[in-house]
file model-v2.pdb (PDB, C-alpha atoms)
ATOM      1  CA  MET A   1     -18.839  16.758  20.028
ATOM      2  CA  ALA A   2     -15.531  16.358  18.228
ATOM      3  CA  LEU A   3     -15.168  13.671  15.596
ATOM      4  CA  ARG A   4     -12.603  11.162  16.860
ATOM      5  CA  LEU A   5     -10.108  10.337  14.104
ATOM      6  CA  GLY A   6      -8.083   7.172  14.702
ATOM      7  CA  SER A   7      -4.577   6.500  13.423
ATOM      8  CA  ARG A   8      -1.433   4.559  14.162
ATOM      9  CA  GLY A   9       1.228   6.550  15.958
ATOM     10  CA  SER A  10       4.111   6.290  13.486
ATOM     11  CA  ALA A  11       5.447   9.488  11.938
ATOM     12  CA  LEU A  12       4.058   8.583   8.529
ATOM     13  CA  ALA A  13       0.652   7.538   9.881
ATOM     14  CA  LEU A  14       0.340  10.772  11.850
ATOM     15  CA  ALA A  15       1.350  12.849   8.823
ATOM     16  CA  GLN A  16      -1.390  11.126   6.834
ATOM     17  CA  ALA A  17      -3.944  11.578   9.611
ATOM     18  CA  GLU A  18      -3.029  15.255   9.818
ATOM     19  CA  LEU A  19      -3.890  15.663   6.134
ATOM     20  CA  VAL A  20      -7.337  14.221   6.825
ATOM     21  CA  ARG A  21      -7.819  16.251   9.992
ATOM     22  CA  ARG A  22      -7.051  19.501   8.182
ATOM     23  CA  SER A  23      -9.512  18.601   5.416
ATOM     24  CA  LEU A  24     -12.250  17.849   7.946
ATOM     25  CA  GLU A  25     -11.567  21.045   9.882
ATOM     26  CA  ALA A  26     -11.826  22.981   6.618
ATOM     27  CA  LEU A  27     -15.397  21.662   6.462
ATOM     28  CA  GLY A  28     -16.055  23.152   9.899
ATOM     29  CA  GLU A  29     -15.642  19.939  11.886
ATOM     30  CA  GLU A  30     -14.000  19.749  15.273
ATOM     31  CA  VAL A  31     -11.581  16.812  15.167
ATOM     32  CA  GLU A  32      -9.796  14.929  17.938
ATOM     33  CA  LEU A  33      -6.853  12.781  16.780
ATOM     34  CA  VAL A  34      -6.663   9.465  18.651
ATOM     35  CA  THR A  35      -3.543   7.333  18.268
ATOM     36  CA  VAL A  36      -3.975   3.570  18.508
ATOM     37  CA  ARG A  37      -1.070   1.174  19.020
ATOM     38  CA  THR A  38      -1.394  -1.820  16.712
ATOM     39  CA  SER A  39       0.129  -5.283  16.629
ATOM     40  CA  GLY A  40       2.297  -4.070  13.750
ATOM     41  CA  ASP A  41       3.962  -1.615  16.125
ATOM     42  CA  GLU A  42       4.817  -4.301  18.681
ATOM     43  CA  ARG A  43       8.071  -5.319  17.078
ATOM     44  CA  PRO A  44      11.732  -4.409  17.402
ATOM     45  CA  GLY A  45      12.757  -1.593  15.088
ATOM     46  CA  GLY A  46       9.446   0.215  15.091
ATOM     47  CA  ALA A  47       6.403   0.689  13.033
ATOM     48  CA  SER A  48       7.081  -1.067   9.809
ATOM     49  CA  ALA A  49       6.834  -4.823   9.462
ATOM     50  CA  PRO A  50       7.806  -6.768   6.376
ATOM     51  CA  GLU A  51       5.107  -7.867   3.976
ATOM     52  CA  THR A  52       5.779 -11.447   5.010
ATOM     53  CA  GLN A  53       3.708 -10.706   8.102
ATOM     54  CA  ASP A  54      -0.055 -10.286   8.340
ATOM     55  CA  LYS A  55      -1.042  -6.843   7.105
ATOM     56  CA  GLY A  56      -4.106  -7.021   9.341
ATOM     57  CA  ARG A  57      -1.801  -6.339  12.269
ATOM     58  CA  PHE A  58      -1.551  -2.727  11.100
ATOM     59  CA  VAL A  59      -5.316  -2.161  11.242
ATOM     60  CA  LYS A  60      -6.897  -4.699  13.621
ATOM     61  CA  GLU A  61      -6.739  -2.634  16.815
ATOM     62  CA  ILE A  62      -7.927   0.461  14.972
ATOM     63  CA  GLU A  63     -10.875  -1.504  13.589
ATOM     64  CA  ASP A  64     -11.581  -2.794  17.095
ATOM     65  CA  ALA A  65     -11.648   0.809  18.292
ATOM     66  CA  LEU A  66     -14.216   1.609  15.599
ATOM     67  CA  LEU A  67     -16.379  -1.362  16.527
ATOM     68  CA  HIS A  68     -16.201  -0.434  20.224
ATOM     69  CA  ARG A  69     -17.109   3.201  19.392
ATOM     70  CA  GLU A  70     -13.828   4.533  20.781
ATOM     71  CA  ILE A  71     -13.209   6.377  17.496
ATOM     72  CA  ASP A  72     -15.536   7.488  14.689
ATOM     73  CA  LEU A  73     -13.303   7.387  11.613
ATOM     74  CA  ALA A  74     -10.007   5.617  10.887
ATOM     75  CA  VAL A  75      -7.191   6.623   8.546
ATOM     76  CA  HIS A  76      -5.210   3.768   7.002
ATOM     77  CA  SER A  77      -2.609   3.390   4.312
ATOM     78  CA  ALA A  78      -4.841   1.604   1.816
ATOM     79  CA  LYS A  79      -2.160  -0.954   0.993
ATOM     80  CA  ASP A  80      -2.324  -2.176   4.624
ATOM     81  CA  VAL A  81      -6.081  -2.869   4.570
ATOM     82  CA  PRO A  82      -6.968  -6.544   3.910
ATOM     83  CA  GLY A  83      -9.414  -7.314   1.121
ATOM     84  CA  GLU A  84     -12.074  -8.509   3.562
ATOM     85  CA  LEU A  85     -13.241  -6.062   6.228
ATOM     86  CA  PRO A  86     -14.775  -7.022   9.585
ATOM     87  CA  GLY A  87     -18.547  -7.127   9.691
ATOM     88  CA  GLY A  88     -20.047  -3.733  10.451
ATOM     89  CA  LEU A  89     -17.211  -1.708   8.922
ATOM     90  CA  ALA A  90     -16.770  -0.155   5.473
ATOM     91  CA  ILE A  91     -14.356   2.011   3.539
ATOM     92  CA  VAL A  92     -16.272   5.274   3.266
ATOM     93  CA  GLY A  93     -13.718   7.620   1.742
ATOM     94  CA  VAL A  94     -10.587   7.742  -0.414
ATOM     95  CA  PRO A  95      -8.817  11.125  -0.587
ATOM     96  CA  GLU A  96      -6.737  12.062  -3.616
ATOM     97  CA  ARG A  97      -3.974   9.594  -4.222
ATOM     98  CA  ALA A  98      -0.322  10.536  -3.858
ATOM     99  CA  ASP A  99       2.444   9.078  -6.029
ATOM    100  CA  PRO A 100       1.661   5.331  -6.215
ATOM    101  CA  GLY A 101       5.136   4.346  -7.386
ATOM    102  CA  ASP A 102       8.251   3.039  -5.699
ATOM    103  CA  ALA A 103      11.415   5.090  -5.300
ATOM    104  CA  LEU A 104      15.062   4.040  -5.313
ATOM    105  CA  CYS A 105      17.152   5.778  -2.661
ATOM    106  CA  GLY A 106      20.946   5.760  -2.947
ATOM    107  CA  ALA A 107      21.283   5.502  -6.721
ATOM    108  CA  ARG A 108      19.969   7.291  -9.800
ATOM    109  CA  SER A 109      18.413   4.120 -11.193
ATOM    110  CA  LEU A 110      18.644   0.344 -11.012
ATOM    111  CA  ASP A 111      20.949   0.465 -14.034
ATOM    112  CA  HIS A 112      23.393   2.599 -12.069
ATOM    113  CA  LEU A 113      23.799   0.005  -9.319
ATOM    114  CA  ALA A 114      26.981  -2.054  -9.484
ATOM    115  CA  ALA A 115      26.815  -5.816  -9.838
ATOM    116  CA  GLY A 116      26.192  -7.365  -6.430
ATOM    117  CA  ALA A 117      24.965  -4.122  -4.890
ATOM    118  CA  VAL A 118      23.138  -4.561  -1.579
ATOM    119  CA  VAL A 119      19.563  -3.300  -1.838
ATOM    120  CA  GLY A 120      17.234  -3.156   1.161
ATOM    121  CA  THR A 121      13.490  -3.779   1.207
ATOM    122  CA  ALA A 122      10.942  -5.358   3.531
ATOM    123  CA  SER A 123       8.613  -6.187   0.635
ATOM    124  CA  LEU A 124       8.358  -9.528  -1.150
ATOM    125  CA  ARG A 125       6.782  -7.724  -4.104
ATOM    126  CA  ARG A 126       9.743  -5.383  -4.402
ATOM    127  CA  ARG A 127      12.227  -8.222  -3.874
ATOM    128  CA  ALA A 128      10.622 -10.273  -6.654
ATOM    129  CA  GLN A 129      10.687  -7.398  -9.127
ATOM    130  CA  LEU A 130      14.181  -6.253  -8.205
ATOM    131  CA  LEU A 131      15.563  -9.733  -8.842
ATOM    132  CA  ALA A 132      13.481 -10.144 -11.991
ATOM    133  CA  ALA A 133      15.122  -6.993 -13.357
ATOM    134  CA  ARG A 134      18.586  -7.461 -11.816
ATOM    135  CA  PRO A 135      19.234 -11.050 -10.657
ATOM    136  CA  ASP A 136      22.786 -10.052  -9.718
ATOM    137  CA  LEU A 137      21.638  -7.800  -6.867
ATOM    138  CA  ASP A 138      22.001  -8.780  -3.211
ATOM    139  CA  VAL A 139      18.509  -7.987  -1.895
ATOM    140  CA  ARG A 140      18.301  -7.966   1.900
ATOM    141  CA  GLU A 141      15.548  -7.303   4.384
ATOM    142  CA  VAL A 142      15.538  -3.907   6.077
ATOM    143  CA  ARG A 143      13.257  -3.038   8.966
ATOM    144  CA  GLY A 144      12.145   0.076  10.788
ATOM    145  CA  ASN A 145      10.343   3.258   9.825
ATOM    146  CA  VAL A 146      11.408   5.455   6.911
ATOM    147  CA  ASP A 147      13.887   7.505   8.946
ATOM    148  CA  THR A 148      15.437   4.368  10.443
ATOM    149  CA  ARG A 149      15.882   2.804   7.029
ATOM    150  CA  LEU A 150      17.401   5.932   5.521
ATOM    151  CA  ALA A 151      19.806   6.134   8.481
ATOM    152  CA  LYS A 152      20.949   2.592   7.701
ATOM    153  CA  LEU A 153      21.518   3.634   4.088
ATOM    154  CA  ALA A 154      23.538   6.660   5.218
ATOM    155  CA  ALA A 155      25.580   4.427   7.536
ATOM    156  CA  GLY A 156      26.593   2.263   4.591
ATOM    157  CA  ASP A 157      24.609  -0.833   5.578
ATOM    158  CA  PHE A 158      23.028  -0.803   2.114
ATOM    159  CA  ASP A 159      23.963   0.544  -1.293
ATOM    160  CA  ALA A 160      20.332   1.443  -2.005
ATOM    161  CA  LEU A 161      16.811   1.139  -0.619
ATOM    162  CA  VAL A 162      13.406   0.858  -2.264
ATOM    163  CA  LEU A 163      10.653   2.831  -0.510
ATOM    164  CA  ALA A 164       7.204   4.114  -1.393
ATOM    165  CA  GLY A 165       7.360   7.477  -3.132
ATOM    166  CA  ALA A 166       4.200   8.608  -1.333
ATOM    167  CA  GLY A 167       5.670   7.917   2.088
ATOM    168  CA  LEU A 168       8.794   9.917   1.318
ATOM    169  CA  ALA A 169       6.725  12.832   0.017
ATOM    170  CA  ARG A 170       4.340  12.874   2.983
ATOM    171  CA  LEU A 171       7.292  12.982   5.367
ATOM    172  CA  GLY A 172       8.881  15.817   3.411
ATOM    173  CA  ARG A 173      11.859  13.690   2.364
ATOM    174  CA  ALA A 174      13.451  14.592  -0.961
ATOM    175  CA  GLU A 175      15.351  11.329  -1.363
ATOM    176  CA  GLY A 176      14.584   8.844  -4.081
ATOM    177  CA  SER A 177      14.326   8.453  -7.838
ATOM    178  CA  SER A 178      11.137   7.031  -9.320
ATOM    179  CA  ILE A 179      11.347   3.433 -10.545
ATOM    180  CA  PRO A 180       9.421   3.013 -13.819
ATOM    181  CA  GLY A 181       6.147   1.155 -13.496
ATOM    182  CA  GLU A 182       7.130  -1.314 -16.206
ATOM    183  CA  THR A 183      10.013  -2.383 -13.938
ATOM    184  CA  MET A 184       8.180  -2.331 -10.607
ATOM    185  CA  THR A 185       4.398  -2.507 -10.390
ATOM    186  CA  PRO A 186       3.313  -0.817  -7.129
ATOM    187  CA  SER A 187       1.581  -2.486  -4.224
ATOM    188  CA  PRO A 188      -2.228  -2.500  -4.515
ATOM    189  CA  GLY A 189      -3.462   0.720  -2.951
ATOM    190  CA  GLN A 190      -0.014   2.286  -2.618
ATOM    191  CA  GLY A 191      -0.278   6.056  -2.345
ATOM    192  CA  CYS A 192      -3.958   5.880  -1.325
ATOM    193  CA  LEU A 193      -5.500   6.568   2.059
ATOM    194  CA  ALA A 194      -8.551   4.564   3.082
ATOM    195  CA  LEU A 195     -11.067   6.106   5.484
ATOM    196  CA  GLU A 196     -12.927   3.412   7.405
ATOM    197  CA  ALA A 197     -16.027   3.816   9.558
ATOM    198  CA  ARG A 198     -18.932   1.890  10.997
ATOM    199  CA  GLU A 199     -21.647   0.945   8.547
ATOM    200  CA  HIS A 200     -24.955   2.785   8.967
ATOM    201  CA  ASP A 201     -23.261   5.928  10.270
ATOM    202  CA  PRO A 202     -24.470   8.407   7.638
ATOM    203  CA  ILE A 203     -23.011  11.520   9.246
ATOM    204  CA  VAL A 204     -19.449  10.175   9.234
ATOM    205  CA  ALA A 205     -19.931   8.510   5.840
ATOM    206  CA  ASN A 206     -21.074  11.778   4.296
ATOM    207  CA  LEU A 207     -18.115  13.646   5.762
ATOM    208  CA  ALA A 208     -15.695  11.046   4.408
ATOM    209  CA  ALA A 209     -17.422  11.063   1.032
ATOM    210  CA  SER A 210     -16.879  14.815   0.818
ATOM    211  CA  LEU A 211     -13.121  14.139   0.996
ATOM    212  CA  THR A 212     -13.221  11.438  -1.659
ATOM    213  CA  HIS A 213     -11.377  11.868  -4.947
ATOM    214  CA  HIS A 214     -13.345  10.006  -7.626
ATOM    215  CA  GLU A 215     -10.395   8.872  -9.737
ATOM    216  CA  SER A 216      -8.516   7.573  -6.680
ATOM    217  CA  LEU A 217     -11.575   5.661  -5.475
ATOM    218  CA  VAL A 218     -12.005   4.028  -8.888
ATOM    219  CA  GLU A 219      -8.346   3.023  -9.047
ATOM    220  CA  LEU A 220      -8.298   1.602  -5.533
ATOM    221  CA  THR A 221     -11.502  -0.357  -6.162
ATOM    222  CA  ALA A 222     -10.010  -2.050  -9.234
ATOM    223  CA  GLU A 223      -6.788  -2.913  -7.419
ATOM    224  CA  ARG A 224      -8.549  -4.372  -4.385
ATOM    225  CA  ALA A 225     -10.816  -6.449  -6.615
ATOM    226  CA  LEU A 226      -7.738  -7.923  -8.310
ATOM    227  CA  VAL A 227      -6.199  -8.873  -4.970
ATOM    228  CA  THR A 228      -9.440 -10.499  -3.819
ATOM    229  CA  GLY A 229      -9.838 -12.319  -7.136
ATOM    230  CA  LEU A 230      -6.320 -13.742  -6.907
ATOM    231  CA  GLY A 231      -6.824 -14.779  -3.301
ATOM    232  CA  ALA A 232      -3.559 -12.963  -2.605
ATOM    233  CA  THR A 233      -2.203 -12.476   0.905
ATOM    234  CA  CYS A 234       0.562 -10.369   2.425
ATOM    235  CA  ARG A 235       2.848 -13.365   1.832
ATOM    236  CA  THR A 236       2.384 -13.300  -1.946
ATOM    237  CA  PRO A 237       4.320 -10.916  -4.225
ATOM    238  CA  VAL A 238       1.502  -9.127  -6.066
ATOM    239  CA  GLY A 239       1.518  -5.699  -7.663
ATOM    240  CA  ALA A 240      -1.450  -3.745  -9.021
ATOM    241  CA  HIS A 241      -1.689  -0.257 -10.466
ATOM    242  CA  ALA A 242      -4.896   1.144 -11.947
ATOM    243  CA  ARG A 243      -4.905   4.460 -13.799
ATOM    244  CA  LEU A 244      -8.030   6.409 -14.701
ATOM    245  CA  SER A 245      -7.297   9.036 -17.326
ATOM    246  CA  GLY A 246      -9.401  10.617 -20.020
ATOM    247  CA  GLY A 247     -12.339   8.384 -19.182
ATOM    248  CA  GLU A 248     -10.273   5.225 -19.679
ATOM    249  CA  LEU A 249      -9.258   2.779 -16.943
ATOM    250  CA  ARG A 250      -6.170   0.597 -17.277
ATOM    251  CA  LEU A 251      -4.962  -1.961 -14.743
ATOM    252  CA  ASP A 252      -1.384  -3.272 -14.643
ATOM    253  CA  ALA A 253      -0.667  -6.385 -12.591
ATOM    254  CA  PHE A 254       2.304  -8.448 -11.447
ATOM    255  CA  ALA A 255       2.674 -11.772  -9.667
ATOM    256  CA  GLY A 256       5.913 -13.660  -9.155
ATOM    257  CA  LEU A 257       8.285 -15.637  -6.986
ATOM    258  CA  PRO A 258      10.317 -13.790  -4.341
ATOM    259  CA  ASP A 259      13.597 -14.891  -5.951
ATOM    260  CA  GLY A 260      12.644 -13.298  -9.279
ATOM    261  CA  SER A 261      12.965 -16.582 -11.165
ATOM    262  CA  ALA A 262       9.399 -16.571 -12.537
ATOM    263  CA  TRP A 263       6.734 -13.919 -12.897
ATOM    264  CA  ILE A 264       3.660 -12.810 -14.825
ATOM    265  CA  ARG A 265       2.843  -9.264 -15.941
ATOM    266  CA  ASP A 266      -0.336  -8.180 -17.672
ATOM    267  CA  SER A 267      -2.339  -5.052 -18.519
ATOM    268  CA  LEU A 268      -6.039  -4.736 -19.213
ATOM    269  CA  ASP A 269      -8.459  -1.914 -20.015
ATOM    270  CA  GLY A 270     -11.959  -1.797 -18.588
ATOM    271  CA  ASP A 271     -15.075   0.209 -17.897
ATOM    272  CA  PRO A 272     -14.349   2.946 -15.314
ATOM    273  CA  SER A 273     -17.972   2.756 -14.177
ATOM    274  CA  ASP A 274     -17.335  -0.811 -12.935
ATOM    275  CA  PRO A 275     -13.748  -0.974 -11.652
ATOM    276  CA  SER A 276     -14.443  -4.122  -9.637
ATOM    277  CA  ALA A 277     -15.274  -5.953 -12.861
ATOM    278  CA  LEU A 278     -11.912  -4.938 -14.317
ATOM    279  CA  GLY A 279     -10.113  -6.217 -11.230
ATOM    280  CA  ARG A 280     -11.947  -9.531 -11.394
ATOM    281  CA  ALA A 281     -11.268  -9.874 -15.122
ATOM    282  CA  MET A 282      -7.576  -9.242 -14.590
ATOM    283  CA  ALA A 283      -7.495 -11.827 -11.807
ATOM    284  CA  GLU A 284      -9.056 -14.385 -14.159
ATOM    285  CA  ARG A 285      -6.447 -13.624 -16.830
ATOM    286  CA  MET A 286      -3.594 -13.894 -14.337
ATOM    287  CA  LEU A 287      -4.918 -17.178 -12.972
ATOM    288  CA  ALA A 288      -5.332 -18.564 -16.497
ATOM    289  CA  ALA A 289      -1.706 -17.600 -17.187
ATOM    290  CA  GLY A 290      -0.485 -19.584 -14.173
ATOM    291  CA  ALA A 291      -0.546 -17.118 -11.298
ATOM    292  CA  ALA A 292      -2.073 -19.609  -8.847
ATOM    293  CA  PRO A 293       0.915 -21.988  -8.644
ATOM    294  CA  LEU A 294       3.315 -19.020  -8.519
ATOM    295  CA  LEU A 295       1.492 -17.469  -5.584
ATOM    296  CA  ALA A 296       1.095 -20.839  -3.836
ATOM    297  CA  ALA A 297       4.830 -21.468  -4.164
ATOM    298  CA  ALA A 298       5.620 -17.981  -2.873
ATOM    299  CA  ASP A 299       3.299 -18.473   0.091
ATOM    300  CA  ALA A 300       4.748 -21.874   0.923
ATOM    301  CA  ALA A 301       8.289 -20.507   0.831
ATOM    302  CA  GLN A 302       7.647 -18.115   3.744
TER
END
call {"tool": "encode", "arguments": {"input": "model-v2.pdb", "output": "structure tokens"}}
result
Amino acid sequence: MALRLGSRGSALALAQAELVRRSLEALGEEVELVTVRTSGDERPGGASAPETQDKGRFVKEIEDALLHREIDLAVHSAKDVPGELPGGLAIVGVPERADPGDALCGARSLDHLAAGAVVGTASLRRRAQLLAARPDLDVREVRGNVDTRLAKLAAGDFDALVLAGAGLARLGRAEGSSIPGETMTPSPGQGCLALEAREHDPIVANLAASLTHHESLVELTAERALVTGLGATCRTPVGAHARLSGGELRLDAFAGLPDGSAWIRDSLDGDPSDPSALGRAMAERMLAAGAAPLLAAADAAQ
């Protein structure tokens, strides 16, 4: 019987699911790709909702399909997966991470944007960091999938856009210049895929584990622990980027107000054998530095 692989139906989601399907087929598995329409797709302009909305809407129906045994394994963008999973489900695999950073489309760099330039994003995290770096910018919400957003840029609706570098790469788009991490800390899990399955399903879990990239799993674990420790939601501008290199694990974090008027950045090294502990420790440091009132104010402003 074919393994049923569940995914959203957007171009990016299907490109990501295809990567997983090819990897599973290389192991000798027969794979059936099942597309699931989610609440996040039920909006004008297509498959991409702003971060001010509940990220669970991108995964809920897929998780329901897992629980109802309509699919066997789900492929998610890890940044869309809430910190708490439904009972009976678990993240069982994390393939090798793509570029976790953000990309600026329409200009060589933020410094090359004119004063008052109109920059599009659907992300509170990106908005907060754009305005922290360049308070003169006119940051406006842009909706739709990657192609729709780039078409709006080409039409002159915006001077520049900020998009995920991984999404552009997976769609084969060459647009975009990397934004340095010290200017814009990525979204927790950005660039990672999360493979989700039912608990106590060892066959599927073992298959997913065979696709897992150790460094990517460690990094994602630290970032998700930070988010959980902060009590962050999709309505709070939080960035997290863990990097495992040479046996050392470093976690960068950001929390701020959407208008860029106040923010906290921090970095911390930890034990790569316990990435969750590093995430929790960073959350404690951020909270001690005043992250809680910042995030509460950001949440209340939505």
call {"tool": "resolve_selection", "arguments": {"input": "model-v2.pdb", "expression": "the PyMOL selection byres ((chain A and resi 250-267) around 9)", "output": "VMD selection string"}}
result
chain A and resid 124 to 135 181 to 182 184 to 186 219 222 to 223 226 236 to 245 248 to 249 268 to 272 278 to 279 282 to 283 285 to 286 289 to 291 294 to 295 297 to 298 301
call {"tool": "write_last_selection", "arguments": {"input": "model-v2.pdb", "atoms": "C-alpha atoms", "output": "compact mmCIF listing (two decimals), keeping the file's coordinate frame"}}
result
# COMPACT_ATOMS: atom_id res chain seq x y z
CA LEU A 124 8.36 -9.53 -1.15
CA ARG A 125 6.78 -7.72 -4.10
CA ARG A 126 9.74 -5.38 -4.40
CA ARG A 127 12.23 -8.22 -3.87
CA ALA A 128 10.62 -10.27 -6.65
CA GLN A 129 10.69 -7.40 -9.13
CA LEU A 130 14.18 -6.25 -8.20
CA LEU A 131 15.56 -9.73 -8.84
CA ALA A 132 13.48 -10.14 -11.99
CA ALA A 133 15.12 -6.99 -13.36
CA ARG A 134 18.59 -7.46 -11.82
CA PRO A 135 19.23 -11.05 -10.66
CA GLY A 181 6.15 1.16 -13.50
CA GLU A 182 7.13 -1.31 -16.21
CA MET A 184 8.18 -2.33 -10.61
CA THR A 185 4.40 -2.51 -10.39
CA PRO A 186 3.31 -0.82 -7.13
CA GLU A 219 -8.35 3.02 -9.05
CA ALA A 222 -10.01 -2.05 -9.23
CA GLU A 223 -6.79 -2.91 -7.42
CA LEU A 226 -7.74 -7.92 -8.31
CA THR A 236 2.38 -13.30 -1.95
CA PRO A 237 4.32 -10.92 -4.22
CA VAL A 238 1.50 -9.13 -6.07
CA GLY A 239 1.52 -5.70 -7.66
CA ALA A 240 -1.45 -3.74 -9.02
CA HIS A 241 -1.69 -0.26 -10.47
CA ALA A 242 -4.90 1.14 -11.95
CA ARG A 243 -4.90 4.46 -13.80
CA LEU A 244 -8.03 6.41 -14.70
CA SER A 245 -7.30 9.04 -17.33
CA GLU A 248 -10.27 5.22 -19.68
CA LEU A 249 -9.26 2.78 -16.94
CA LEU A 268 -6.04 -4.74 -19.21
CA ASP A 269 -8.46 -1.91 -20.02
CA GLY A 270 -11.96 -1.80 -18.59
CA ASP A 271 -15.08 0.21 -17.90
CA PRO A 272 -14.35 2.95 -15.31
CA LEU A 278 -11.91 -4.94 -14.32
CA GLY A 279 -10.11 -6.22 -11.23
CA MET A 282 -7.58 -9.24 -14.59
CA ALA A 283 -7.50 -11.83 -11.81
CA ARG A 285 -6.45 -13.62 -16.83
CA MET A 286 -3.59 -13.89 -14.34
CA ALA A 289 -1.71 -17.60 -17.19
CA GLY A 290 -0.48 -19.58 -14.17
CA ALA A 291 -0.55 -17.12 -11.30
CA LEU A 294 3.32 -19.02 -8.52
CA LEU A 295 1.49 -17.47 -5.58
CA ALA A 297 4.83 -21.47 -4.16
CA ALA A 298 5.62 -17.98 -2.87
CA ALA A 301 8.29 -20.51 0.83
call {"tool": "resolve_selection", "arguments": {"input": "model-v2.pdb", "expression": "the PyMOL selection byres ((chain A and resi 170) around 10)", "output": "MDAnalysis selection string"}}
result
chainID A and resid 11:16 19 98:99 165:169 171:173 191
call {"tool": "axis_aligned_box", "arguments": {"input": "model-v2.pdb", "around": "region 178-191 of chain A", "padding_each_side": "6 Å", "output": "AutoDock Vina command-line options"}}
result
--center_x 3.9 --center_y 2.3 --center_z -9.3 --size_x 26.8 --size_y 21.5 --size_z 25.9
call {"tool": "closest_residue", "arguments": {"input": "model-v2.pdb", "among": "A:Ser7, A:Ser273, A:Ser109, A:Ser216", "to": "Glu70 (chain A)", "atoms": "only C-alpha atoms"}}
result
A:Ser7
call {"tool": "closest_residue", "arguments": {"input": "model-v2.pdb", "among": "A:Ala194, A:Leu163, A:Ala2, A:Val227", "to": "Ala208 (chain A)", "atoms": "all atoms listed in the file"}}
result
A:Ala194
call {"tool": "atom_distance", "arguments": {"input": "model-v2.pdb", "atom1": "CA of Glu96 (chain A)", "atom2": "CA of His213 (chain A)"}}
result
4.8 Å
call {"tool": "decode", "arguments": {"input": "model-v2.pdb", "residues": "region 53-83 of chain A", "atoms": "C-alpha atoms", "output": "short mmCIF file (atom, residue, chain, number, x, y, z; two decimals), in the first residue's frame"}}
result
data_model
loop_
_atom_site.label_atom_id
_atom_site.label_comp_id
_atom_site.auth_asym_id
_atom_site.auth_seq_id
_atom_site.Cartn_x
_atom_site.Cartn_y
_atom_site.Cartn_z
CA GLN A 53 -3.66 35.37 11.86
CA ASP A 54 -3.55 31.99 13.59
CA LYS A 55 -0.77 29.89 12.12
CA GLY A 56 -2.71 26.78 13.12
CA ARG A 57 -5.00 27.48 10.18
CA PHE A 58 -2.23 26.29 7.87
CA VAL A 59 -1.97 22.88 9.53
CA LYS A 60 -5.23 22.09 11.35
CA GLU A 61 -7.02 20.27 8.52
CA ILE A 62 -3.86 18.35 7.65
CA GLU A 63 -3.53 17.28 11.28
CA ASP A 64 -7.20 16.28 11.26
CA ALA A 65 -6.48 14.13 8.21
CA LEU A 66 -3.67 12.43 10.13
CA LEU A 67 -5.86 11.80 13.15
CA HIS A 68 -8.64 10.40 10.94
CA ARG A 69 -6.11 8.15 9.13
CA GLU A 70 -6.77 9.80 5.77
CA ILE A 71 -3.02 10.40 5.35
CA ASP A 72 0.04 8.78 6.95
CA LEU A 73 2.61 11.58 6.95
CA ALA A 74 2.28 15.37 6.66
CA VAL A 75 4.73 17.90 5.24
CA HIS A 76 4.62 21.37 6.80
CA SER A 77 6.71 24.49 6.65
CA ALA A 78 8.08 24.26 10.18
CA LYS A 79 7.47 27.94 10.84
CA ASP A 80 3.71 27.32 10.41
CA VAL A 81 3.53 24.57 13.07
CA PRO A 82 2.34 25.81 16.50
CA GLY A 83 4.47 24.99 19.52
#
